[in-house]
2 protein chains.
Amino acid sequence: MMTAPSPEELRQALLRPRSVALIGASGDPAKLTARPQIFLRQHGFQGHVFPVNPGRETVLGAPAFARVTDIPEQVDHAHIMLDADPALDALDDCAAAGVTVVSILADGFAEAGGTGRARQKRLLDTAAAGGLTVIGPNCMGVVDTRSGFACTTNAAFAVDKLAKGRYAVISQSGSIIGTVLSRGQARGKAYSILISVGNEAQIGVGEIGNLIVEDPGTDGFLLFLETLRRADQIASFARRAHELGKPVIAYFVGRSAEGQALSVSHTGAMTGSFAAARSFLGHHGIAVVDFFEALIESPAALHQTRSFSARPRSATVVSTTGGGGAMLVDQISARGVAISGAPEGARRDLEGQGVKLGKGKLIDLTLAGTNYDTVHRVLSALIKSPETGAVIAAIGSSAEFNPELSINPIIDAHKDAGPGAAPLLAFLLPEAAESLRLLNAAGVPAFRTVESCADTVALILKQRPPAPDGATRLPAAVTGLLRTDVPCVLNEIDSMAVFRKLGVKGPKQIFLAGDEALPEELPFAYPCVVKLVSADLPHKTDVGALRLAIADRAALIAAIQEMKTSVRAQRPDAAIEGVLIQETCRGVGEVLAGLGRDPLAGPVMTIGVGGVLTEIYHDIAIRPAPLTAGTAAEMIEEVNGFALLRGFRGRPEGDFDALAEAVAAISALALAPAVIEAEINPLSVGRKGEGVTMLDALIRLAP
Amino acid sequence: MMTAPSPEELRQALLRPRSVALIGASGDPAKLTARPQIFLRQHGFQGHVFPVNPGRETVLGAPAFARVTDIPEQVDHAHIMLDADPALDALDDCAAAGVTVVSILADGFAEAGGTGRARQKRLLDTAAAGGLTVIGPNCMGVVDTRSGFACTTNAAFAVDKLAKGRYAVISQSGSIIGTVLSRGQARGKAYSILISVGNEAQIGVGEIGNLIVEDPGTDGFLLFLETLRRADQIASFARRAHELGKPVIAYFVGRSAEGQALSVSHTGAMTGSFAAARSFLGHHGIAVVDFFEALIESPAALHQTRSFSARPRSATVVSTTGGGGAMLVDQISARGVAISGAPEGARRDLEGQGVKLGKGKLIDLTLAGTNYDTVHRVLSALIKSPETGAVIAAIGSSAEFNPELSINPIIDAHKDAGPGAAPLLAFLLPEAAESLRLLNAAGVPAFRTVESCADTVALILKQRPPAPDGATRLPAAVTGLLRTDVPCVLNEIDSMAVFRKLGVKGPKQIFLAGDEALPEELPFAYPCVVKLVSADLPHKTDVGALRLAIADRAALIAAIQEMKTSVRAQRPDAAIEGVLIQETCRGVGEVLAGLGRDPLAGPVMTIGVGGVLTEIYHDIAIRPAPLTAGTAAEMIEEVNGFALLRGFRGRPEGDFDALAEAVAAISALALAPAVIEAEINPLSVGRKGEGVTMLDALIRLAP
C-alpha cells in the first residue's frame with residue numbers, strides 16, 4: 001500500500017529534490033527542452049539529474065534513460081517536456097516509478113476543447129490513482145534559488161548568477177517568472193522560489209502557497225493571476241501568510257472584458273467578474289497592485305512596514321525637484337492617500353538648525369537644498385517624528401551623477417534612525433540603476449516609476465488584515481424554508497419570510513391568496529402599495545403588476561382589477577398566486593442588496609443604489625459572503641451613490657448601522673448551498689434609528 | 001530707438017547664441033552655478049562664453065567680468081544664476097547691454113507672496129522697457145543639442161555624450177528636462193532642444209513653442225505641464241504643429257486636488273480644473289499621456305503613424321508569452337481600444353505556410369513559436385494586411401538572452417514591409433535594454449512597461465486633428481442684450497430671450513409682470529408649470545418658487561399665492577419680478593448645458609445629466625468654447641448618464657442632433673466678454689426629430 005507523502009516530503013520533492021528526471025530532454029543546447037539541464041548545472045544544483053530520452057545514449061554529457069521507470073533510484077521530481085499525449089504516457093510511467101512531484105510543460109488540456117478535456121481527466125485520474133502531485137499542465141517549471149533547482153524552460157534563467165532572495169513568486173503565466181527575475185535582479189531584488197503553476201489541473205496557486213507558506217527563508221509572496229481556481233485554498237494560504245507577517249501581493253489580469261475573455265482562451269479558466277475576484281483577494285488580505293512593476297517593487301516595502309499601526313496613515317513627500325515632487329504628490333493623492341507636510345515639531349527643530357521647509361504640503365528642498373547635510377537633516381527629523389506616516393523622497397538628476405548629494409543621505413538617515421522610525425521610500429526621476437540598487441540594498445525601497453511608487457505607498461498606508469469571518473451557520477428555521485426538489489424561484493411572500501427569519505424587517509402587509517376578497521379595513525393606513533404575487537414575474541413594473549400611492553379603497557379595488565387585466569394580456573402564462581397589499585414606506589432612499597455566486601470568487605454580496613444608475617455607473621460594492629456588519633459598513637462607504645443617504649446637501653441621514661446589519665444577515669444565506677441567488681430590491685433605508693425595510697425580495701433555489 | 005529682434009534672431013539667441021553670459025558663475029566646479037560653463041565646454045559649444053563674477057579674475061580658466069555691461073561684445077543670451085534681488089539688478093544690466101534673451105534661475109517671484117509679486121512686476125517692466133525676451137524665473141536652463149548649447153544647471157547634462165535627436169522638450173519643471181534626457185538616452189532616444197520655462201513670467205510653453213515650431217530639425221514636442229499660462233499661445237502652437245505633421249504630447253500634473261494645489265505653491269500658477277485644462281489640450285490637438293514614461297516613449301510612435309487614416313482603429317497583439325500578451329490586451333482594451341485577431345486573409349496565408357494562429361483574439365505563438373521564422377512570417381503577414389490597425393508584439397524572456405529568436409525578426413519584418421505597412425510596436429517583458437535600443441533604432445517603437453505601451457497604442461489609434469473652430473461672431477441682436485454697467489444676473493425671462501436669439505427654443509409661456517392678473521385662458525393646455533421670476537433666486541426649488549403639474553386654473557391661483565408666501569417668509573429680501581407660467585414639456589430626459597470661464601483654459605462648455613448625480617459621479621463633458629455641433633456631438637458621447645437618452649432598455653431615443661446644435665449655439669456666448677456664466681438647466685430633450693426645449697436659464701454678466 002502506498003503512503004501519501006508528508007508536507008515536508010512534498011516540499012523537498014518540489015524545491016530541493018534529491019533526484020530529478022527531465023523527460024523529453026534534448027541534447028541540442030539550442031532547443032528549449034535542453035534548458036532545464038543546462039540551468040540546473042549552471043546554477044549549482046546538487047541533486048541527481050536524469051535526462052529521459054529514448055533516442056539517445058547520453059544527453060549533454062549525462063547518461064540518458066529510455067523511460068523514467070528505467071532510472072535506478074527513487075525520483076523525487078519529474079519535469080515532462082513532451083507533447084500532450086506522450087506527456088500522459090510519461091505520467092503513467094511516473095506513477096509506476098513512484099515519483100513524488102511531476103511538472104508538465106505541454107499545453108492542449110482543458111483550454112483546448114473536447115480532446116483537451118479528456119486529456120485533463122486522464123491526467124487527474126492518473127495522479128489520483130498513483131498518488132502523484134502534479135503541477136501544470138502548461139507549467140514552465142519550478143525554481144528554488146537556494147538549492148540551485150532551476151528546473152525551467154524559461155530563457156530568463158540563463159542569467160549568469162541566480163541571486164538568492166527572500167520572496168517567492170507563484171505565477172499562472174510561465175513567462176512572468178522570467179520577467180520578475182529579470183527586472184528584479186536588474187535592481188537588486190532576489191527571490192527564494194519561482195513557480196509556474198500553468199493550468200492548475202490538480203494543484204495551483206492556493207495549494208502551492210499553503211505548501212510553502214511556512215518556508216523560513218521566504219518573507220512574502222508575489223502572485224501573477226489570470227483567474228482564481230479553488231479560491232478557498234487561496235484564501236487559507238493568504239490568511240496563514242498574514243498570521244506569519246508575510247505579505248501576499250497580486251497582479252491580476254482581467255480588468256477589461258477582453259482581458260477576462262483571454263483567461264478562458266489562454267489558460268482554460270472560467271470567467272467570473274474581475275470586481276468579485278479582486279474583492280475576494282482583498283477580503284482575505286492579499287494586496288492587489290494596479291501597476292505591473294509594483295508587483296516587483298512593493299513586496300519589500302510592505303514587509304518592512306507590516307507593523308505600522310501607531311503611525312498616521314498619511315504620506316509626507318520631500319523632493320529635490322519640484323516637478324518630480326508634484327508628480328508624486330499627485331499620483332499618491334489620486335490613490336486616496338492623504339498628504340501631510342512637515343509636522344510642527346520637526347519643522348521647528350529644522351528651523352533651529354537653519355533649514356527652512358516652506359509652507360506647502362510638498363517639502364521641496366529645491367536645487368539649493370540638494371546637498372548631503374540638508375537632505376540628511378530633513379529626512380532624519382521627519383522619520384523620527386511620531387507624527388509622520390510614510391516619508392517618500394523624490395530625487396532629481398543628482399541621483400544619476402551625484403549620489404553623494406542626495407542618495408547617501410537617504411541611506412544614512414534610514415540607518416541612523418533605527419527601528420522605530422517611519423518607513424522611508426525613494427522615487428528616482430532619472431535613469432539611475434546603481435542608485436536604485438544602493439537604496440534597495442540598504443533597506444530603502446526605491447522606485448523607478450512614479451506610478452509604482454504611488455501604488456506601493458497606497459498599499460502600505462491602506463493595508464488591512466484579512467476581514468473577519470461572517471456567520472458560520474444558518475438558523476434551522478431558515479434552512480427549513482430553503483429545501484426544494486426542483487430549481488425554483490421563491491415568490492416575494494416566501495422570500496420575505498426567509499429574510500424575516502434572518503432578522504430583516506418587512507413592511508406591514510396583507511396577502512390575499514388567489515381571488516380572496518379585499519377586507520373592509522386594512523390593518524394600516526392609506527396610501528398603500530399593491531402588487532400581484534407570481535414567481536413568474538420577477539420584473540413587476542414591466543408588466544404593470546405594481547402600483548404605488550393608492551389613496552383609498554376604491555382606488556385599490558380598481559388597481560387590482562387593472563393589474564390583473566394587464567398581466568393576463570401581456571403574460572397569459574404567468575401563474576398569479578394572489579395580491580399583496582403593503583403600507584407605504586418613506587425612507588431616506590432605497591438600495592439593492594443581493595447575494596450571488598461568482599464562478600471564480602464563490603458567494604458574494606453586492607450592494608448598490610439599484611435601478612438603471614447602478615448599471616450605468618457600475619457603482620456597486622462587492623465582498624465575499626458571509627460577511628460581518630463591519631465589512632458591510634466598509635462596502636457602504638464604497639458606493640458613491642450612497643452620498644444621497646449620507647446627508648448630501650441637507651438631506652436627512654440614513655440608518656447605515658441597520659443597513660450594515662441587514663447586509664450581513666442576508667449574506668448568511670451563502671451558507672445554504674441551495675441558494676443560487678437572494679436579493680432584496682428595494683431595501684428602504686429609514687432615517688438614523690428607524691432601521692431598514694425590505695420592499696421586495698427574491699430567492700432562487702437549486703435542489 | 002531700439003529695434004525688436006526678428007523671430008530668427010530670437011531663435012538664434014535662444015538656441016545657438018554667438019555669445020553667452022553666465023551671470024553668477026562659480027569657479028568651484030562642485031557648485032551648481034559652475035555647471036553651465038562645464039557643460040557648454042563638455043558638449044562642444046562653439047560660441048563665446050563669458051562668466052560674470054565680480055569677485056574673480058577668471059572662472060574655470062575663462063576671464064571673468066564684473067558686470068554684463070563690461071563684456072566687450074554683443075551678448076545674445078544671458079543666464080542669470082543669482083538670488084532674486086541681485087538677479088533683478090543683473091537684468092537691468094542686461095537691458096543696458098542690449099542682451100537679446102535672458103534666462104533667470106532664481107525663485108522667489110510670483111509664487112512667493114507680496115514681495116515676490118513686486119519682483120515679478122519689476123522683471124516684466126525691465127523686460128518691456130529694455131526689449132528683453134526673458135525665460136523664467138525659476139528656469140533651469142536652455143539646451144540645444146545640435147549647437148552644444150547646454151546652458152543649464154541640471155546635473156543630468158553631465159552625461160558623457162549629449163545625443164542629437166529630433167524631438168523638443170518644453171517643461172514647466174526644470175528637473176524634468178534632465179529626467180527626459182536621462183531616461184530617453186538610456187533607451188536610444190535623443191532630443192533636439194530642451195527648455196525649462198520656469199514660471200513663465202513673460203514667455204512660456206506657448207510662446208516658445210510658437211518660436212521653435214518650424215525648426216526643421218524637430219519632428220515633435222514633449223510638454224511637461226503643471227498649469228496653463230496664456231492658453232491661447234499654447235493653442236496656436238499646437239495647431240501649427242499639427243499642420244506641420246509634428247505631434248505634441250503632454251504630461252499634465254494635477255489630476256488630484258493636491259496636485260492642483262501644488263501648481264499654486266510650486267510655480268505660482270493659478271488653479272483651474274484639471275478636466276477643463278485637459279480638454280483644452282485635446283481640443284487643440286495635443287495628445288495627453290496618463291503614464292509618465294509614455295511622454296518619453298510615445299513621440300516617435302506618434303510621428304511615424306501620423307498618416308493613419310486608411311487603417312482600422314484597432315490593435316492586434318502577437319505574443320511569445322501568453323501572460324505578457326494577456327497583460328497587453330487587457331491594458332489596451334481598458335483604454336477603450338478594440339482588439340482584433342488575425343484578419344482572415346493573413347490567417348489563411350499563414351496556415352498555407354504551416355503556421356497556426358489559434359482562434360482567440362490574442363495571437364499567442366507560445367514558446368514553441370518563439371523562433372525567427374515563425375515570428376517573422378506572422379508579423380510580416382499582419383503588418384502587410386490592409387485589415388490590421390496597429391500590430392504590437394509582446395516578447396518574453398527571449399528578448400533578453402535570445403534576441404536572434406524574437407527581436408531580429410521584428411526588425412526585419414518592419415524593414416521588409418516598407419512604408420505602406422501597419423505600424424509595428426513592441427513591448428518587452430524582461431529587462432532588455434539592448435533589445436529596446438535595437439528596436440527603437442530600427443524604427444520599431446519599443447516599450448519597457450505595458451502601461452506606457454498601451455497608452456501609446458491608444459494615442460496612435462485615437463489621435464484626432466484639432467477641433468474645428470466654433471462660431472466666430474455673435475449676432476448683433478444678441479450682443480445688444482448683453483450690455484451692462486454693473487455685474488448682474490439676468491432673470492430667466494431675459495436669459496431665455498438671449499438663448500432664443502441664438503436659436504434655442506423655449507416652451508410656450510406667459511409672463512405676468514409684478515402683480516398682473518392671471519388671464520381667464522392660458523394660450524396652452526394644462527397641466528402647466530409656474531414659477532416666480534427673480535434674479536435673486538437662482539435656486540427656485542429650495543425656496544418653493546417652482547411648482548410642476550398644475551392641473552387647472554384654481555390650482556394655479558392657489559399655487560401662485562402659496563409660492564409668494566413661501567418666498568416672502570424665507571427670503572424677504574428677494575425682489576419678485578413676476579410670475580412665469582409655462583406649458584409642461586415631457587421630453588425623453590433633461591440635461592444641463594452651461595458656459596463658464598476656467599481660470600486656466602478660458603471659456604468652456606460643460607454638459608451633464610444635471611442634478612445631484614452629475615455632482616456625485618462627476619459625469620460631465622467639457623470643451624473649450626465656442627465649439628461646433630460636431631464637437632458637441634463628441635461631448636454627448638462622453639456622458640455616461642446620457643445612456644438614459646440613448647434608448648437604454650427600450651426607452652425612446654432623444655434628439656441628440658438638436659441637443660448638439662443647442663450646445664454649439666450656447667457656446668457662442670463665449671465670444672461676449674461680458675458673459676461670465678450662461679446656463680440652461682434643465683434643457684428638455686425630446687424624441688428624435690422633436691428638438692430640445694429650455695426650461696430654465698440663467699446668464700451672469702460683468703460690465
# chains A, B, ... in the order shown; residues from 1 in each chain; ligands from 1

call {"tool": "residues_around", "arguments": {"residues": "range 591-597 of chain A", "least_positions_apart": "2", "cutoff": "8 Å", "atoms": "only C-alpha atoms", "output": "ChimeraX atom specification"}}
result
/A:589,599,601-610,625,663,666-667,669-670,676-685

call {"tool": "residues_around", "arguments": {"residues": "Pro51 in chain B", "least_positions_apart": "4", "cutoff": "8 Å", "atoms": "only C-alpha atoms", "output": "list in words"}}
result
Ala21, Leu22, Ile23, Gly24, Ala25, Gln37, Val59, Ala62, Pro63, Ala64 and Phe65 of chain B

call {"tool": "atom_distance", "arguments": {"atom1": "CA of Pro54 in chain B", "atom2": "CA of Arg67 in chain B"}}
result
6.9 Å

call {"tool": "select_by_dssp", "arguments": {"residues": "range 145-297 of chain B", "states": "alpha helix (DSSP H)", "output": "PyMOL selection string"}}
result
chain B and resi 174-186+205-212+231-243+257-267+274-283+292-297

call {"tool": "write_last_selection", "arguments": {"atoms": "C-alpha atoms", "output": "PDB file, in the first residue's frame"}}
result
ATOM      1  CA  GLY B 174      13.391  72.257 -14.620  1.00  0.00           C
ATOM      2  CA  SER B 175      14.315  68.858 -13.268  1.00  0.00           C
ATOM      3  CA  ILE B 176      12.159  67.113 -15.850  1.00  0.00           C
ATOM      4  CA  ILE B 177      14.384  68.136 -18.777  1.00  0.00           C
ATOM      5  CA  GLY B 178      17.071  66.079 -17.048  1.00  0.00           C
ATOM      6  CA  THR B 179      14.711  63.197 -16.384  1.00  0.00           C
ATOM      7  CA  VAL B 180      13.634  63.016 -20.028  1.00  0.00           C
ATOM      8  CA  LEU B 181      17.239  63.250 -21.229  1.00  0.00           C
ATOM      9  CA  SER B 182      18.437  60.572 -18.833  1.00  0.00           C
ATOM     10  CA  ARG B 183      15.647  58.059 -19.396  1.00  0.00           C
ATOM     11  CA  GLY B 184      15.458  58.780 -23.105  1.00  0.00           C
ATOM     12  CA  GLN B 185      19.175  58.388 -23.807  1.00  0.00           C
ATOM     13  CA  ALA B 186      19.214  55.166 -21.793  1.00  0.00           C
ATOM     14  CA  VAL B 205       5.341  76.973 -23.246  1.00  0.00           C
ATOM     15  CA  GLY B 206       3.085  78.520 -25.875  1.00  0.00           C
ATOM     16  CA  GLU B 207       5.359  81.370 -26.914  1.00  0.00           C
ATOM     17  CA  ILE B 208       8.464  79.200 -27.040  1.00  0.00           C
ATOM     18  CA  GLY B 209       6.500  76.533 -28.900  1.00  0.00           C
ATOM     19  CA  ASN B 210       5.478  79.110 -31.480  1.00  0.00           C
ATOM     20  CA  LEU B 211       9.084  80.286 -31.759  1.00  0.00           C
ATOM     21  CA  ILE B 212      10.537  76.819 -32.442  1.00  0.00           C
ATOM     22  CA  ALA B 231      -3.559  79.230 -23.128  1.00  0.00           C
ATOM     23  CA  ASP B 232      -4.228  80.928 -26.468  1.00  0.00           C
ATOM     24  CA  GLN B 233      -0.496  80.773 -27.246  1.00  0.00           C
ATOM     25  CA  ILE B 234      -0.437  77.069 -26.438  1.00  0.00           C
ATOM     26  CA  ALA B 235      -3.422  76.547 -28.742  1.00  0.00           C
ATOM     27  CA  SER B 236      -1.845  78.367 -31.688  1.00  0.00           C
ATOM     28  CA  PHE B 237       1.428  76.486 -31.215  1.00  0.00           C
ATOM     29  CA  ALA B 238      -0.369  73.129 -31.126  1.00  0.00           C
ATOM     30  CA  ARG B 239      -2.452  73.881 -34.212  1.00  0.00           C
ATOM     31  CA  ARG B 240       0.605  74.986 -36.196  1.00  0.00           C
ATOM     32  CA  ALA B 241       2.486  71.854 -35.091  1.00  0.00           C
ATOM     33  CA  HIS B 242      -0.394  69.742 -36.331  1.00  0.00           C
ATOM     34  CA  GLU B 243      -0.320  71.465 -39.733  1.00  0.00           C
ATOM     35  CA  ALA B 257      -6.844  68.095  -5.795  1.00  0.00           C
ATOM     36  CA  GLU B 258      -3.467  68.034  -4.025  1.00  0.00           C
ATOM     37  CA  GLY B 259      -1.680  68.049  -7.362  1.00  0.00           C
ATOM     38  CA  GLN B 260      -3.716  71.048  -8.425  1.00  0.00           C
ATOM     39  CA  ALA B 261      -2.951  72.864  -5.192  1.00  0.00           C
ATOM     40  CA  LEU B 262       0.764  72.262  -5.741  1.00  0.00           C
ATOM     41  CA  SER B 263       0.732  74.060  -9.031  1.00  0.00           C
ATOM     42  CA  VAL B 264      -0.018  77.129  -6.932  1.00  0.00           C
ATOM     43  CA  SER B 265       2.652  76.684  -4.294  1.00  0.00           C
ATOM     44  CA  HIS B 266       5.224  75.308  -6.658  1.00  0.00           C
ATOM     45  CA  THR B 267       5.278  77.585  -9.647  1.00  0.00           C
ATOM     46  CA  PHE B 274      -7.808  69.618 -14.461  1.00  0.00           C
ATOM     47  CA  ALA B 275     -10.681  68.363 -16.601  1.00  0.00           C
ATOM     48  CA  ALA B 276     -11.029  71.729 -18.327  1.00  0.00           C
ATOM     49  CA  ALA B 277      -7.297  72.046 -18.935  1.00  0.00           C
ATOM     50  CA  ARG B 278      -7.021  68.510 -20.237  1.00  0.00           C
ATOM     51  CA  SER B 279      -9.961  69.018 -22.539  1.00  0.00           C
ATOM     52  CA  PHE B 280      -8.357  72.245 -23.760  1.00  0.00           C
ATOM     53  CA  LEU B 281      -5.192  70.365 -24.738  1.00  0.00           C
ATOM     54  CA  GLY B 282      -7.091  67.643 -26.585  1.00  0.00           C
ATOM     55  CA  HIS B 283      -9.296  70.191 -28.333  1.00  0.00           C
ATOM     56  CA  PHE B 292       4.825  59.475 -17.280  1.00  0.00           C
ATOM     57  CA  GLU B 293       7.152  57.239 -19.310  1.00  0.00           C
ATOM     58  CA  ALA B 294       4.743  57.411 -22.253  1.00  0.00           C
ATOM     59  CA  LEU B 295       5.842  61.038 -22.579  1.00  0.00           C
ATOM     60  CA  ILE B 296       9.281  59.708 -23.446  1.00  0.00           C
ATOM     61  CA  GLU B 297       8.259  56.619 -25.381  1.00  0.00           C
TER      62      GLU B 297
END

call {"tool": "interface_residues", "arguments": {"of": "chain A", "to": "chain B", "cutoff": "7 Å", "atoms": "only C-alpha atoms", "output": "NGL selection string"}}
result
:A and (154-156 or 173 or 175-176 or 178-179 or 182-183 or 186 or 253-256 or 258-259 or 262 or 265-266 or 321-323 or 326-327 or 329-330 or 333-334 or 360 or 396-398 or 400-401 or 429-431 or 616 or 640-641)

call {"tool": "residues_around", "arguments": {"residues": "Glu9 in chain A", "least_positions_apart": "5", "cutoff": "12 Å", "atoms": "only C-alpha atoms", "output": "JSON, numbers by chain"}}
result
{"A": [3, 4, 14, 15, 16, 17, 18, 76, 77, 99, 100, 101, 133, 211, 212]}

call {"tool": "write_last_selection", "arguments": {"atoms": "C-alpha atoms", "output": "PDB file, in the first residue's frame"}}
result
ATOM      1  CA  THR A   3       1.709   6.102   1.741  1.00  0.00           C
ATOM      2  CA  ALA A   4       0.895   9.708   0.871  1.00  0.00           C
ATOM      3  CA  LEU A  14       9.122  20.267  -5.116  1.00  0.00           C
ATOM      4  CA  LEU A  15      12.034  22.562  -4.222  1.00  0.00           C
ATOM      5  CA  ARG A  16      15.166  20.567  -3.455  1.00  0.00           C
ATOM      6  CA  PRO A  17      14.648  17.091  -4.843  1.00  0.00           C
ATOM      7  CA  ARG A  18      17.401  14.568  -4.326  1.00  0.00           C
ATOM      8  CA  ASP A  76      11.575  12.906  -6.328  1.00  0.00           C
ATOM      9  CA  HIS A  77      10.637  15.270  -9.152  1.00  0.00           C
ATOM     10  CA  VAL A  99       7.671   9.806  -8.447  1.00  0.00           C
ATOM     11  CA  THR A 100       6.536  12.348  -5.816  1.00  0.00           C
ATOM     12  CA  VAL A 101       6.066  15.590  -7.790  1.00  0.00           C
ATOM     13  CA  THR A 133       1.314  15.657  -7.048  1.00  0.00           C
ATOM     14  CA  LEU A 211       2.685  24.145   0.963  1.00  0.00           C
ATOM     15  CA  ILE A 212       5.429  26.807   1.073  1.00  0.00           C
TER      16      ILE A 212
END

call {"tool": "residues_around", "arguments": {"residues": "range 376-389 of chain A", "least_positions_apart": "2", "cutoff": "6 Å", "atoms": "only C-alpha atoms", "output": "list in words"}}
result
Arg311, Pro312, Arg313, Ser314, Ala315, Ala346, Tyr372, Asp373, Thr374, Pro409, Ala413, Ala421 and Ala422 of chain A

call {"tool": "residues_around", "arguments": {"residues": "Leu424 in chain A", "least_positions_apart": "3", "cutoff": "7 Å", "atoms": "only C-alpha atoms", "output": "PyMOL selection string"}}
result
chain A and resi 390-392+414+444

call {"tool": "atom_distance", "arguments": {"atom1": "CA of Lys462 in chain B", "atom2": "CA of Leu425 in chain B"}}
result
15.9 Å

call {"tool": "residues_around", "arguments": {"residues": "range 697-703 of chain A", "least_positions_apart": "2", "cutoff": "6 Å", "atoms": "only C-alpha atoms", "output": "compact mmCIF listing (two decimals) with all heavy atoms, in the first residue's frame"}}
result
# COMPACT_ATOMS: atom_id res chain seq x y z
N THR A 484 -35.76 22.27 -1.46
CA THR A 484 -36.50 22.19 -2.71
C THR A 484 -36.07 20.93 -3.46
O THR A 484 -34.95 20.46 -3.28
CB THR A 484 -36.24 23.43 -3.58
OG1 THR A 484 -36.96 23.28 -4.81
CG2 THR A 484 -34.77 23.59 -3.91
N ASP A 485 -36.97 20.41 -4.28
CA ASP A 485 -36.61 19.24 -5.09
C ASP A 485 -36.30 19.63 -6.52
O ASP A 485 -35.67 18.89 -7.26
CB ASP A 485 -37.77 18.23 -5.08
CG ASP A 485 -38.00 17.69 -3.68
OD1 ASP A 485 -37.00 17.50 -2.96
OD2 ASP A 485 -39.17 17.49 -3.31
N VAL A 486 -36.79 20.79 -6.92
CA VAL A 486 -36.55 21.26 -8.29
C VAL A 486 -36.04 22.70 -8.22
O VAL A 486 -36.36 23.42 -7.29
CB VAL A 486 -37.86 21.23 -9.12
CG1 VAL A 486 -38.26 19.81 -9.44
CG2 VAL A 486 -38.97 21.96 -8.39
N PRO A 487 -35.29 23.11 -9.23
CA PRO A 487 -34.86 24.51 -9.25
C PRO A 487 -36.10 25.40 -9.24
O PRO A 487 -37.06 25.12 -9.97
CB PRO A 487 -34.13 24.66 -10.59
CG PRO A 487 -33.81 23.28 -11.04
CD PRO A 487 -34.85 22.38 -10.44
N CYS A 488 -36.12 26.44 -8.44
CA CYS A 488 -37.30 27.28 -8.38
C CYS A 488 -36.97 28.66 -7.87
O CYS A 488 -35.91 28.89 -7.30
CB CYS A 488 -38.36 26.63 -7.49
SG CYS A 488 -37.90 26.62 -5.76
N VAL A 489 -37.90 29.57 -8.15
CA VAL A 489 -37.79 30.92 -7.62
C VAL A 489 -38.87 31.08 -6.57
O VAL A 489 -40.04 30.79 -6.84
CB VAL A 489 -38.00 31.96 -8.75
CG1 VAL A 489 -38.03 33.36 -8.17
CG2 VAL A 489 -36.90 31.84 -9.80
N LEU A 490 -38.49 31.49 -5.37
CA LEU A 490 -39.50 31.75 -4.34
C LEU A 490 -40.18 33.08 -4.65
O LEU A 490 -39.52 34.05 -5.02
CB LEU A 490 -38.86 31.84 -2.96
CG LEU A 490 -38.15 30.57 -2.45
CD1 LEU A 490 -37.71 30.79 -0.99
CD2 LEU A 490 -39.06 29.35 -2.54
N GLU A 492 -42.28 36.59 -3.67
CA GLU A 492 -41.79 37.55 -2.70
C GLU A 492 -42.30 37.29 -1.29
O GLU A 492 -41.63 37.63 -0.32
CB GLU A 492 -42.12 38.97 -3.14
CG GLU A 492 -43.58 39.31 -3.10
CD GLU A 492 -43.78 40.71 -3.64
OE1 GLU A 492 -43.37 41.67 -2.99
OE2 GLU A 492 -44.33 40.81 -4.74
N SER A 495 -39.99 34.54 -0.13
CA SER A 495 -38.63 35.10 0.01
C SER A 495 -38.55 36.00 1.23
O SER A 495 -37.61 35.91 2.04
CB SER A 495 -38.26 35.91 -1.25
OG SER A 495 -38.24 35.09 -2.39
N MET A 496 -39.56 36.84 1.40
CA MET A 496 -39.56 37.74 2.56
C MET A 496 -39.62 36.96 3.86
O MET A 496 -39.02 37.37 4.87
CB MET A 496 -40.72 38.72 2.47
CG MET A 496 -40.46 39.88 1.52
SD MET A 496 -41.87 41.01 1.62
CE MET A 496 -41.19 42.51 0.95
N ALA A 674 -28.20 25.57 -1.41
CA ALA A 674 -29.36 25.62 -2.31
C ALA A 674 -29.62 27.01 -2.85
O ALA A 674 -30.26 27.18 -3.88
CB ALA A 674 -30.61 25.12 -1.58
N VAL A 675 -29.15 28.02 -2.12
CA VAL A 675 -29.45 29.40 -2.55
C VAL A 675 -28.48 29.83 -3.65
O VAL A 675 -27.28 29.99 -3.43
CB VAL A 675 -29.35 30.37 -1.36
CG1 VAL A 675 -29.55 31.82 -1.82
CG2 VAL A 675 -30.37 30.01 -0.30
N ILE A 676 -29.04 29.99 -4.86
CA ILE A 676 -28.24 30.41 -6.01
C ILE A 676 -28.15 31.94 -6.02
O ILE A 676 -27.15 32.51 -6.40
CB ILE A 676 -28.91 29.94 -7.32
CG1 ILE A 676 -29.14 28.43 -7.29
CG2 ILE A 676 -28.11 30.35 -8.53
CD1 ILE A 676 -27.88 27.65 -7.11
N GLU A 677 -29.23 32.55 -5.60
CA GLU A 677 -29.34 33.99 -5.70
C GLU A 677 -30.35 34.44 -4.64
O GLU A 677 -31.36 33.75 -4.44
CB GLU A 677 -29.90 34.32 -7.08
CG GLU A 677 -29.58 35.68 -7.63
CD GLU A 677 -30.22 35.83 -9.03
OE1 GLU A 677 -30.40 34.82 -9.74
OE2 GLU A 677 -30.54 36.97 -9.38
N ALA A 678 -30.10 35.55 -3.97
CA ALA A 678 -31.05 36.06 -2.99
C ALA A 678 -30.91 37.57 -2.97
O ALA A 678 -29.82 38.08 -2.76
CB ALA A 678 -30.74 35.49 -1.60
N GLU A 679 -32.01 38.25 -3.19
CA GLU A 679 -31.90 39.70 -3.37
C GLU A 679 -33.06 40.42 -2.71
O GLU A 679 -34.20 39.97 -2.78
CB GLU A 679 -31.89 39.99 -4.87
CG GLU A 679 -31.74 41.46 -5.21
CD GLU A 679 -31.75 41.69 -6.72
OE1 GLU A 679 -30.69 41.53 -7.34
OE2 GLU A 679 -32.83 42.00 -7.26
N ILE A 680 -32.76 41.53 -2.06
CA ILE A 680 -33.79 42.46 -1.61
C ILE A 680 -33.62 43.72 -2.44
O ILE A 680 -32.56 44.33 -2.44
CB ILE A 680 -33.66 42.79 -0.11
CG1 ILE A 680 -33.78 41.50 0.71
CG2 ILE A 680 -34.71 43.81 0.31
CD1 ILE A 680 -33.70 41.73 2.21

call {"tool": "residues_around", "arguments": {"residues": "Ala87 in chain A", "least_positions_apart": "2", "cutoff": "12 Å", "atoms": "only C-alpha atoms", "output": "MDAnalysis selection string"}}
result
chainID A and resid 22:24 67:68 78:85 89:94 102:109 119:120 122:123 126 136:138

call {"tool": "atom_distance", "arguments": {"atom1": "CA of Glu653 in chain B", "atom2": "CA of Val692 in chain B"}}
result
12.6 Å

call {"tool": "select_by_dssp", "arguments": {"residues": "range 216-391 of chain B", "states": "strand (DSSP E)", "output": "ChimeraX atom specification"}}
result
/B:220-225,248-252,287-289,314-319,338-339,363-364,390-391
